[in-house]
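**Student:** I have a structure I would like to understand better, so I am pasting it below and will then ask my questions one at a time.
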Amino acid sequence: MSESGGTVKSVHVIPLKRVYFGRRMNRADRAIRLVRKYVARHFKDAEKIILDPELNKYIWSYGREKPPRRVVVEIRFNKDEKEARVFLKRVK
């Protein structure tokens, strides 16, 4: 984690394997909710969690029934505003 001012940046690998245990028709919906739940668990002070549209597009890229098994994200938590922003981390 790196800190600059009131902002904390960290990179996380979020496993989305659990969404495959349920029904097939709404897995991408559950994956989005799971990402929000993961961020809320790791940043307990966050009152507002904002997902980047690129992350949403990546999770939905293979359709509603087949989201990715894991996603690498960068979370920027602003301590002053108690806001967590979640961005897709492009690993090359």
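Letters for chains follow the order of the structure tokens (A, B, ...), residue numbers begin at 1 for each chain, and ligand numbers begin at 1 in the order shown.
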Could you pull out the strand (DSSP E or B) residues of chain A from DSSP and send them as a PyMOL selection string?

**Tutor:** chain A and resi 2-4+7-15+48-51+70-78+83-88

**Student:** Can you pull out the residues contacting Pro53 in chain A? Cut-off 12 Å, using only C-alpha atoms, and skip same-chain residues under 5 positions away; I want them as a list in words.

**Tutor:**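 In the requested format, the answer is Ile32, Tyr58, Ile59, Trp60, Ser61, Arg85, Val86, Phe87 and Leu88 of chain A.
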
**Student:** Kindly export the residues of the current selection with N, CA, C and O atoms, as a compact mmCIF listing (two decimals), in the first residue's frame.

**Tutor:**
```txt
# COMPACT_ATOMS: atom_id res chain seq x y z
N ILE A 32 -20.20 -8.59 -9.68
CA ILE A 32 -20.14 -7.18 -9.35
C ILE A 32 -20.43 -6.98 -7.86
O ILE A 32 -19.72 -6.23 -7.16
N TYR A 58 -15.13 -5.27 -18.24
CA TYR A 58 -14.29 -6.47 -18.24
C TYR A 58 -15.04 -7.67 -17.65
O TYR A 58 -14.98 -8.79 -18.17
N ILE A 59 -15.76 -7.45 -16.55
CA ILE A 59 -16.50 -8.56 -15.93
C ILE A 59 -17.60 -9.05 -16.86
O ILE A 59 -17.86 -10.25 -16.97
N TRP A 60 -18.24 -8.15 -17.58
CA TRP A 60 -19.32 -8.52 -18.49
C TRP A 60 -18.81 -8.89 -19.89
O TRP A 60 -19.61 -9.20 -20.77
N SER A 61 -17.49 -8.91 -20.13
CA SER A 61 -16.95 -9.09 -21.48
C SER A 61 -17.30 -10.43 -22.12
O SER A 61 -17.47 -10.52 -23.33
N ARG A 85 -12.45 3.89 -4.62
CA ARG A 85 -12.62 3.77 -6.07
C ARG A 85 -11.87 2.53 -6.53
O ARG A 85 -10.72 2.34 -6.18
N VAL A 86 -12.53 1.72 -7.33
CA VAL A 86 -11.98 0.44 -7.78
C VAL A 86 -11.73 0.51 -9.28
O VAL A 86 -12.66 0.74 -10.05
N PHE A 87 -10.46 0.32 -9.69
CA PHE A 87 -10.07 0.38 -11.08
C PHE A 87 -9.51 -0.96 -11.52
O PHE A 87 -8.89 -1.67 -10.73
N LEU A 88 -9.72 -1.28 -12.78
CA LEU A 88 -9.16 -2.49 -13.36
C LEU A 88 -7.66 -2.28 -13.55
O LEU A 88 -7.23 -1.27 -14.11
```

**Student:** With a distance cut-off of 10 Å and only C-alpha atoms, select the neighbouring residues of Asp29 in chain A, excluding the residue or stretch itself and same-chain residues fewer than 3 positions from it, and output the selection as a count of residues only.

**Tutor:** 12

**Student:** Which of these residues is nearest to Leu55 in chain A, using only C-alpha atoms: A:Lys17, A:Lys37, A:Arg90, A:Arg69?

**Tutor:**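 So, comparing all the options, the nearest one is A:Arg90.
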
**Student:** With distances taken over only C-alpha atoms, which of A:Ala84, A:Arg23, A:Phe77, A:Lys89 is nearest to Val8 in chain A?

**Tutor:**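 The shortest atom-to-atom distance to Val8 in chain A comes from A:Phe77.
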